[in-house]
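Asks: For reference, this is run36.tsv, and it has TSV, C-alpha atoms and all ligand atoms.
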```tsv
chain	number	residue	atom	x	y	z
W	274	MET	CA	0.00	0.00	0.00
W	275	ARG	CA	1.02	3.60	-0.62
W	276	ILE	CA	0.26	5.27	2.69
W	277	LEU	CA	0.20	9.04	3.24
W	278	VAL	CA	0.66	10.19	6.85
W	279	THR	CA	-0.05	13.84	7.64
W	280	GLY	CA	1.31	15.68	10.68
W	281	LYS	CA	4.82	14.27	10.35
W	282	ASN	CA	6.22	16.65	12.98
W	283	GLY	CA	3.48	16.08	15.54
W	284	GLN	CA	3.46	13.61	18.43
W	285	LEU	CA	1.52	10.87	16.66
W	286	GLY	CA	3.10	11.46	13.25
W	287	ARG	CA	6.58	11.14	14.75
W	288	SER	CA	5.57	8.04	16.73
W	289	ILE	CA	4.31	6.34	13.56
W	290	GLN	CA	7.52	7.30	11.73
W	291	LYS	CA	9.63	5.82	14.51
W	292	LEU	CA	7.69	2.57	14.42
W	293	VAL	CA	7.78	2.31	10.64
W	294	ASN	CA	11.54	2.82	10.70
W	295	THR	CA	12.11	0.16	13.35
W	296	ASP	CA	9.43	-2.49	12.75
W	297	SER	CA	10.88	-5.08	10.40
W	298	LYS	CA	7.46	-6.73	10.04
W	299	ILE	CA	6.15	-3.55	8.42
W	300	ASN	CA	9.16	-2.97	6.23
W	301	ASN	CA	9.94	-6.47	5.06
W	302	ASN	CA	9.54	-7.52	1.46
W	303	GLN	CA	6.29	-9.40	2.02
W	304	SER	CA	4.33	-6.33	3.03
W	305	SER	CA	5.29	-3.66	0.56
W	306	ASN	CA	3.93	-0.68	2.43
W	307	ASP	CA	5.32	2.60	1.26
W	308	PHE	CA	4.88	5.36	3.84
W	309	ILE	CA	5.03	9.00	2.79
W	310	PHE	CA	5.11	11.46	5.70
W	311	VAL	CA	4.09	15.07	5.13
W	312	GLY	CA	4.02	18.20	7.23
W	313	ARG	CA	2.69	21.65	6.50
W	314	GLU	CA	5.70	22.34	4.23
W	315	GLU	CA	4.51	19.67	1.79
W	316	MET	CA	0.74	20.07	2.29
W	317	ASP	CA	-0.65	23.01	4.21
W	318	LEU	CA	-4.06	22.02	5.56
W	319	SER	CA	-5.00	25.65	6.05
W	320	SER	CA	-5.17	26.05	2.27
W	321	GLU	CA	-7.72	24.28	0.09
W	322	GLY	CA	-5.63	25.07	-2.98
W	323	ASN	CA	-2.51	23.64	-1.42
W	324	ILE	CA	-4.26	20.35	-0.55
W	325	ASN	CA	-5.59	20.02	-4.11
W	326	HIS	CA	-2.17	20.88	-5.47
W	327	TYR	CA	-0.52	18.18	-3.36
W	328	PHE	CA	-2.89	15.42	-4.48
W	329	GLY	CA	-2.86	16.70	-8.08
W	330	ASN	CA	0.92	16.30	-8.17
W	331	ASN	CA	1.23	12.91	-6.50
W	332	ASP	CA	0.24	9.38	-7.46
W	333	LYS	CA	-2.88	7.97	-5.86
W	334	PHE	CA	-2.59	6.72	-2.27
W	335	ASP	CA	-4.20	3.55	-0.91
W	336	LEU	CA	-4.54	4.98	2.57
W	337	ILE	CA	-4.35	8.38	4.27
W	338	ILE	CA	-3.63	8.51	8.02
W	339	ASN	CA	-4.55	12.00	9.15
W	340	CYS	CA	-2.50	12.82	12.26
W	341	ALA	CA	-2.39	16.56	11.57
W	342	ALA	CA	-4.69	18.83	13.51
W	343	TYR	CA	-5.02	22.21	15.10
W	344	THR	CA	-4.44	21.09	18.72
W	345	GLN	CA	-4.06	24.36	20.67
W	346	VAL	CA	-7.20	24.14	22.80
W	347	ASP	CA	-6.90	27.62	24.35
W	348	ARG	CA	-5.68	29.42	21.26
W	349	ALA	CA	-8.52	27.95	19.18
W	350	GLU	CA	-10.91	30.31	20.99
W	351	GLN	CA	-9.19	33.25	19.21
W	352	GLU	CA	-8.29	31.37	16.02
W	353	SER	CA	-11.61	29.63	15.48
W	354	GLU	CA	-11.54	30.06	11.71
W	355	LEU	CA	-8.10	28.49	11.37
W	356	ALA	CA	-9.00	25.68	13.80
W	357	ASN	CA	-12.17	25.03	11.81
W	358	GLN	CA	-10.26	25.01	8.52
W	359	ILE	CA	-7.73	22.42	9.75
W	360	ASN	CA	-9.92	20.24	11.96
W	361	HIS	CA	-13.09	20.37	9.89
W	362	LEU	CA	-12.82	21.72	6.33
W	363	ALA	CA	-9.47	20.09	5.55
W	364	VAL	CA	-10.80	16.76	6.88
W	365	LYS	CA	-13.86	17.20	4.65
W	366	GLN	CA	-11.57	17.83	1.68
W	367	LEU	CA	-9.36	14.83	2.50
W	368	ALA	CA	-12.49	12.67	2.75
W	369	SER	CA	-13.73	13.96	-0.60
W	370	ILE	CA	-10.37	13.27	-2.27
W	371	ALA	CA	-10.19	9.85	-0.60
W	372	ASN	CA	-13.65	9.06	-1.94
W	373	GLU	CA	-12.77	10.13	-5.47
W	374	GLN	CA	-9.51	8.19	-5.48
W	375	GLN	CA	-10.95	5.17	-3.62
W	376	THR	CA	-8.43	5.70	-0.84
W	377	ARG	CA	-8.98	4.52	2.75
W	378	LEU	CA	-8.84	7.11	5.50
W	379	ILE	CA	-7.88	6.78	9.15
W	380	HIS	CA	-8.60	10.00	11.00
W	381	ILE	CA	-7.74	10.86	14.60
W	382	SER	CA	-10.27	12.61	16.78
W	383	THR	CA	-10.66	13.26	20.46
W	384	ASP	CA	-12.53	12.43	23.67
W	385	TYR	CA	-13.13	16.19	23.84
W	386	VAL	CA	-16.11	15.83	21.46
W	387	PHE	CA	-18.02	14.92	24.65
W	388	ASP	CA	-19.14	17.41	27.31
W	389	GLY	CA	-17.66	15.34	30.14
W	390	GLU	CA	-20.86	15.25	32.16
W	391	SER	CA	-21.39	11.48	32.03
W	392	ASP	CA	-20.08	9.39	34.89
W	393	LYS	CA	-19.97	6.21	32.79
W	394	PRO	CA	-17.06	5.33	30.48
W	395	LEU	CA	-18.04	6.77	27.09
W	396	ILE	CA	-18.94	4.44	24.25
W	397	GLU	CA	-18.76	5.29	20.55
W	398	THR	CA	-22.54	5.72	20.21
W	399	ASP	CA	-22.84	8.21	23.09
W	400	ILE	CA	-23.98	11.60	21.86
W	401	PRO	CA	-21.17	14.17	21.56
W	402	ASN	CA	-21.72	17.66	22.90
W	403	PRO	CA	-18.59	19.75	22.41
W	404	ILE	CA	-18.06	22.62	24.83
W	405	ASN	CA	-15.34	24.74	23.24
W	406	VAL	CA	-14.09	25.79	19.80
W	407	TYR	CA	-11.42	23.07	19.49
W	408	CYS	CA	-13.97	20.40	20.47
W	409	ARG	CA	-16.58	21.73	18.03
W	410	THR	CA	-14.14	21.79	15.12
W	411	LYS	CA	-13.03	18.23	15.84
W	412	LEU	CA	-16.64	17.02	15.93
W	413	SER	CA	-17.42	18.86	12.68
W	414	GLY	CA	-14.45	17.05	11.10
W	415	GLU	CA	-15.81	13.68	12.26
W	416	LYS	CA	-19.28	14.46	10.91
W	417	ALA	CA	-18.04	15.70	7.52
W	418	LEU	CA	-15.92	12.58	7.14
W	419	GLN	CA	-18.83	10.28	8.03
W	420	THR	CA	-21.12	12.05	5.55
W	421	LEU	CA	-18.67	11.91	2.66
W	422	MET	CA	-17.28	8.47	3.46
W	423	PRO	CA	-19.99	6.13	4.72
W	424	THR	CA	-17.53	3.32	3.97
W	425	ASN	CA	-13.75	2.79	4.01
W	426	ALA	CA	-12.84	5.14	6.84
W	427	ILE	CA	-12.01	4.85	10.52
W	428	ILE	CA	-12.13	7.53	13.18
W	429	ILE	CA	-10.09	6.86	16.31
W	430	ARG	CA	-10.87	9.05	19.29
W	431	ALA	CA	-7.85	9.35	21.58
W	432	SER	CA	-7.47	11.21	24.86
W	433	TRP	CA	-4.68	13.07	26.69
W	434	LEU	CA	-2.00	12.26	24.12
W	435	TYR	CA	1.62	12.38	25.25
W	436	SER	CA	4.95	11.18	23.88
W	437	GLU	CA	8.67	11.80	23.89
W	438	TYR	CA	8.09	14.59	21.38
W	439	GLY	CA	7.00	18.21	21.50
W	440	ASN	CA	4.97	19.97	24.14
W	441	ASN	CA	2.73	17.71	26.16
W	442	PHE	CA	1.71	17.16	29.77
W	443	VAL	CA	4.64	14.85	30.64
W	444	ASN	CA	7.28	17.22	29.26
W	445	THR	CA	5.63	20.26	30.83
W	446	ILE	CA	5.33	18.63	34.28
W	447	LEU	CA	8.95	17.42	34.16
W	448	LYS	CA	10.13	20.92	33.28
W	449	LEU	CA	8.04	22.58	36.00
W	450	GLY	CA	9.06	19.95	38.56
W	451	LYS	CA	12.71	20.86	38.02
W	452	GLU	CA	12.01	24.59	38.37
W	453	ARG	CA	9.57	24.66	41.29
W	454	ASP	CA	9.03	23.16	44.76
W	455	GLU	CA	5.25	23.12	44.45
W	456	LEU	CA	2.68	22.76	41.68
W	457	SER	CA	-1.12	22.86	41.44
W	458	VAL	CA	-2.71	20.27	39.16
W	459	VAL	CA	-6.38	19.58	38.39
W	460	SER	CA	-7.75	16.62	40.32
W	461	ASP	CA	-11.38	16.54	39.20
W	462	GLN	CA	-10.87	16.09	35.46
W	463	ILE	CA	-10.96	12.37	34.83
W	464	GLY	CA	-9.83	10.25	31.89
W	465	SER	CA	-7.00	8.08	30.72
W	466	PRO	CA	-3.80	9.14	28.96
W	467	THR	CA	-2.79	7.84	25.55
W	468	TYR	CA	0.89	7.15	24.90
W	469	ALA	CA	1.33	8.12	21.24
W	470	ALA	CA	3.65	5.15	20.58
W	471	ASP	CA	0.87	2.78	21.70
W	472	LEU	CA	-1.64	4.50	19.44
W	473	ALA	CA	0.84	4.37	16.55
W	474	ASP	CA	1.24	0.64	17.18
W	475	VAL	CA	-2.53	0.13	17.18
W	476	ILE	CA	-2.92	2.04	13.90
W	477	LEU	CA	-0.29	-0.17	12.26
W	478	GLU	CA	-2.00	-3.27	13.69
W	479	ILE	CA	-5.33	-2.10	12.26
W	480	ILE	CA	-3.99	-1.63	8.75
W	481	LYS	CA	-2.61	-5.17	8.76
W	482	HIS	CA	-5.93	-6.56	9.95
W	483	LYS	CA	-8.25	-8.37	7.54
W	484	LYS	CA	-11.22	-6.43	8.91
W	485	PHE	CA	-9.59	-3.25	7.66
W	486	ARG	CA	-8.12	-4.61	4.44
W	487	ASP	CA	-11.49	-5.83	3.10
W	488	ALA	CA	-12.88	-3.00	0.98
W	489	GLY	CA	-16.35	-1.55	1.47
W	490	GLN	CA	-16.55	-1.76	5.26
W	491	THR	CA	-18.86	0.71	6.94
W	492	THR	CA	-17.04	3.68	8.45
W	493	GLN	CA	-16.60	3.24	12.17
W	494	ILE	CA	-15.59	5.23	15.22
W	495	TYR	CA	-13.34	3.59	17.82
W	496	HIS	CA	-12.30	4.80	21.25
W	497	TYR	CA	-8.68	4.32	22.25
W	498	SER	CA	-6.49	5.29	25.19
W	499	ASN	CA	-4.37	3.41	27.71
W	500	GLU	CA	-6.19	1.50	30.44
W	501	GLY	CA	-6.91	3.04	33.82
W	502	LYS	CA	-8.92	5.93	35.23
W	503	ILE	CA	-7.01	8.90	36.60
W	504	SER	CA	-6.97	12.66	37.05
W	505	TRP	CA	-4.23	15.01	35.81
W	506	TYR	CA	-3.17	15.30	39.48
W	507	GLU	CA	-2.53	11.53	39.71
W	508	PHE	CA	-0.75	11.66	36.35
W	509	ALA	CA	1.59	14.42	37.60
W	510	ARG	CA	2.30	12.59	40.86
W	511	GLU	CA	3.23	9.41	39.01
W	512	ILE	CA	5.58	11.35	36.70
W	513	PHE	CA	7.41	12.77	39.75
W	514	LYS	CA	7.43	9.37	41.46
W	515	ILE	CA	9.08	7.66	38.47
W	516	LYS	CA	11.60	10.46	38.08
W	517	LYS	CA	12.11	10.82	41.87
W	518	ILE	CA	11.47	14.56	41.69
W	519	GLU	CA	10.75	16.22	45.04
W	520	CYS	CA	7.96	18.60	44.08
W	521	LEU	CA	4.76	18.94	46.07
W	522	VAL	CA	1.62	18.48	43.93
W	523	ASN	CA	-1.46	20.30	45.20
W	524	PRO	CA	-4.86	19.16	43.89
W	525	ILE	CA	-7.06	21.93	42.47
W	526	SER	CA	-10.46	21.82	40.80
W	527	LEU	CA	-11.07	22.43	37.11
W	528	LYS	CA	-12.83	25.66	38.12
W	529	GLN	CA	-9.60	26.87	39.78
W	530	TYR	CA	-7.48	26.06	36.71
W	531	PRO	CA	-6.39	29.36	35.23
W	532	SER	CA	-7.78	28.98	31.71
W	533	PRO	CA	-10.59	30.89	30.01
W	534	THR	CA	-11.51	27.77	28.00
W	535	LYS	CA	-14.03	25.26	29.32
W	536	ARG	CA	-12.79	21.68	29.36
W	537	PRO	CA	-14.86	18.48	29.72
W	538	ARG	CA	-14.75	17.02	33.24
W	539	ASN	CA	-15.01	13.25	32.73
W	540	THR	CA	-14.05	11.80	29.37
W	541	LEU	CA	-12.98	8.32	30.32
W	542	MET	CA	-13.65	6.14	27.27
W	543	ASN	CA	-14.74	2.54	26.99
W	544	LYS	CA	-12.35	0.73	24.62
W	545	ASP	CA	-14.16	-2.62	24.30
W	546	LYS	CA	-15.04	-2.09	20.63
W	547	ILE	CA	-11.49	-1.60	19.31
W	548	VAL	CA	-10.22	-4.48	21.47
W	549	ARG	CA	-12.96	-6.79	20.19
W	550	VAL	CA	-12.83	-5.88	16.49
W	551	PHE	CA	-9.05	-5.73	16.02
W	552	ASN	CA	-8.05	-8.12	18.78
W	553	ILE	CA	-5.58	-5.71	20.34
W	554	LYS	CA	-4.17	-5.52	23.86
W	555	ILE	CA	-4.17	-2.18	25.67
W	556	SER	CA	-1.40	-1.35	28.15
W	557	ASN	CA	-2.10	0.19	31.50
W	558	TRP	CA	-1.30	3.93	31.67
W	559	LYS	CA	1.43	3.43	34.29
W	560	SER	CA	3.41	0.91	32.27
W	561	SER	CA	3.20	3.09	29.13
W	562	LEU	CA	4.25	6.16	31.11
W	563	ASN	CA	7.25	4.20	32.39
W	564	THR	CA	8.18	3.22	28.84
W	565	CYS	CA	7.96	6.82	27.65
W	566	MET	CA	10.02	8.10	30.56
W	567	THR	CA	12.70	5.45	30.06
W	568	ILE	CA	13.05	6.61	26.45
W	569	LEU	CA	13.13	10.25	27.56
W	570	LYS	CA	15.91	9.42	30.02
W	571	LYS	CA	17.98	7.71	27.30
W	572	GLN	CA	17.59	10.79	25.09
W	573	GLN	CA	19.05	13.11	27.76
P	601	LIG	N1	-2.65	16.19	22.06
P	601	LIG	C1	-3.67	15.66	22.72
P	601	LIG	O1	-3.74	15.72	23.96
P	601	LIG	C2	-4.77	14.97	21.97
P	601	LIG	C3	-5.80	14.38	22.68
P	601	LIG	C4	-6.80	13.71	21.99
P	601	LIG	C5	-6.78	13.66	20.61
P	601	LIG	N2	-5.78	14.27	19.93
P	601	LIG	C6	-5.80	14.20	18.48
P	601	LIG	O2	-4.73	13.35	18.08
P	601	LIG	C7	-4.22	13.77	16.82
P	601	LIG	C8	-2.71	13.91	16.93
P	601	LIG	O3	-2.43	14.84	17.95
P	601	LIG	P1	-0.93	15.25	18.32
P	601	LIG	O4	-0.88	15.46	19.79
P	601	LIG	O5	0.04	14.32	17.65
P	601	LIG	O6	-0.87	16.68	17.65
P	601	LIG	P2	0.38	17.65	17.52
P	601	LIG	O7	1.57	17.08	18.18
P	601	LIG	O8	-0.11	19.01	17.89
P	601	LIG	O9	0.64	17.60	15.97
P	601	LIG	C9	-0.27	18.11	15.06
P	601	LIG	C10	0.43	18.27	13.74
P	601	LIG	O10	-0.49	18.91	12.86
P	601	LIG	C11	0.26	19.77	12.06
P	601	LIG	N3	-0.49	20.89	11.53
P	601	LIG	C12	-1.07	21.90	12.20
P	601	LIG	N4	-1.54	22.81	11.33
P	601	LIG	C13	-1.26	22.34	10.10
P	601	LIG	C14	-1.45	22.83	8.80
P	601	LIG	N5	-2.04	24.01	8.56
P	601	LIG	N6	-1.05	22.09	7.74
P	601	LIG	C15	-0.41	20.91	7.94
P	601	LIG	N7	-0.16	20.40	9.14
P	601	LIG	C16	-0.57	21.12	10.21
P	601	LIG	C17	1.34	20.34	12.99
P	601	LIG	O11	2.38	20.81	12.20
P	601	LIG	P3	3.59	21.68	12.80
P	601	LIG	O12	4.44	20.68	13.53
P	601	LIG	O13	4.24	22.25	11.60
P	601	LIG	O14	2.96	22.69	13.71
P	601	LIG	C18	1.68	19.15	13.85
P	601	LIG	O15	2.80	18.46	13.34
P	601	LIG	C19	-4.95	15.07	16.48
P	601	LIG	O16	-6.01	14.78	15.62
P	601	LIG	C20	-5.50	15.53	17.80
P	601	LIG	O17	-6.68	16.29	17.66
P	601	LIG	C21	-4.76	14.90	20.57
```
Mind turning the file's structure into C-alpha cells?

Replies:
Amino acid sequence: MRILVTGKNGQLGRSIQKLVNTDSKINNNQSSNDFIFVGREEMDLSSEGNINHYFGNNDKFDLIINCAAYTQVDRAEQESELANQINHLAVKQLASIANEQQTRLIHISTDYVFDGESDKPLIETDIPNPINVYCRTKLSGEKALQTLMPTNAIIIRASWLYSEYGNNFVNTILKLGKERDELSVVSDQIGSPTYAADLADVILEIIKHKKFRDAGQTTQIYHYSNEGKISWYEFAREIFKIKKIECLVNPISLKQYPSPTKRPRNTLMNKDKIVRVFNIKISNWKSSLNTCMTILKKQQ
C-alpha cells in the first residue's frame, strides 16, 4: 500500500515514523507498504488550494492517516476560523479526495467531542456535545468525514495524548518539577492518557488486519487510550514518582485552573469495541508512562 501520513512533525506522526523505521514486520519484502510522511511544508491544511495541489501532483494513495490537527485548545478560541479550517474543512476535503480516489482514510479525533458530564465510560454511540471551539471543530471534522465516506474510513478518538516529542503534559510537568518546589494540578478532570507510541502501534496493527483490508466496510468510530482511570493530578504525581522529583503536587479543581476555556470534566472512554474488532491488547497507563520516561531518560 502507498500510505500518506499527515502531521509528520506532531506527536503521533513522529511516533508512527519511529515505528515504521524500526518495525521489520512492516518494512519487510512481504508487506510492501510505502509510507510518505508530510508536514505543513509539503501540504498546508490551512489552504484548500494547497491540498488540491498536493494530491494533483502525486500518485494515488491507498490509505491516508490524518495525524495533523489544530491542537491548541486555548488558542482555538481566538483562532476559530483556522482551527475550523484544519480540523473540519481540511478533513472534509481529505475525505472527498479519498472518496474520489478510492483511498482509505484513518482519522484521529478526540474524547473532547463529549461534554464530560457522564459518569460512565463513554462508548462510541454516546452523543457528543462539544463545549469549546477546538472540540466543536473536531466534531465537525468527524461528521463531515462520516457524511462523505460512509464506507472505508475509521475515526479513532484518543485522549490526553503524550509522547517523547513536542509539548505535552509529561514534558511540561517534568520541566516545571525541576524549576519549582510546588505545583497545582487539576484533580477533578478524569480520563485516561494515551501514549502516542501505543496508538501508533494500534494504527499499524489495524492496517494489517483483515477487517480493515477488506474494501467496502462501513465507516466506524473507535475509542482508544491506555487503560486506567485517573486525574491530571494523579498523572503528575506518578511522573514525579518515576523520576524521583521532590515537588509537592497540590490538587485543584477544574474551576480553579487558570484557563478561560471550558474543558470536559469526565471523558474516560470505553475501549471494548477496538479491542474486540481488532483483537488488540491495551497497556495500562502506568506501564506506558514508564516506557515513555525510560526513552526520555535515554535521550538526555
Ligand atoms: N494532544 C492531545 O492531547 C490529543 C488528545 C486527543 C486527541 N488528539 C488528536 O490526536 C491527533 C494527533 O495529535 P498530536 O498530539 O500528535 O498533535 P500535535 O503534536 O499538535 O501535531 C499536530 C500536527 O499537525 C500539524 N499541523 C497543524 N496545522 C497544520 C497545517 N495548517 N497544515 C499541515 N499540518 C498542520 C502540525 O504541524 P507543525 O508541527 O508544523 O505545527 C503538527 O505536526 C490530532 O487529531 C488531535 O486532535 C490529541

Asks: Name the residues, by chain letter and number, that sit within 8 Å of ligand LIG 601 (chain P) using only C-alpha atoms and all ligand atoms, and give them as an NGL selection string.

Replies: :W and (279-287 or 311-320 or 339-345 or 359-360 or 380-385 or 411 or 430-435 or 438-441 or 467 or 469)

Asks: Between W:His496, W:Ile480, W:Pro466, W:Cys520, which has the minimum distance to Ser561 of chain W (counting all atoms listed in the file)?

Replies: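 When distances to Ser561 of chain W are compared using all atoms listed in the file, the smallest one comes from W:Pro466.
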
Asks: W:Ile324, W:Leu277, W:Ile553, W:Val522: which is nearest Arg377 of chain W, counting only C-alpha atoms?

Replies: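 Among W:Ile324, W:Leu277, W:Ile553, W:Val522, it is W:Leu277 that comes nearest to Arg377 of chain W.
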
Asks: Could you give me, as a ChimeraX atom specification, the residues within 10 Å of Asn402 of chain W, counting all atoms listed in the file and dropping anything in the same chain fewer than 6 positions from it?

Replies: /W:385-390,408-409,412,537

Asks: Nearest to Val293 of chain W among W:Gly329, W:Tyr407, W:Asp474, W:Thr534, with distances taken over all atoms listed in the file: which residue is it?

Replies: W:Asp474

Asks: Which is closest to Glu352 of chain W among W:Leu562, W:Ala368, W:Val548, W:Val406, if we use only C-alpha atoms?

Replies: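 Comparing W:Leu562, W:Ala368, W:Val548, W:Val406 against Glu352 of chain W, the winner is W:Val406.
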
Asks: Give me the residues near Met274 of chain W as a list of chain:residue names, where near means some atom within 8 Å (using all atoms listed in the file) and where sequence neighbours in that chain fewer than 4 positions away do not count.

Replies: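 My reading of the contact set: W:Ser305, W:Asn306, W:Asp307, W:Phe334, W:Asp335, W:Leu336.
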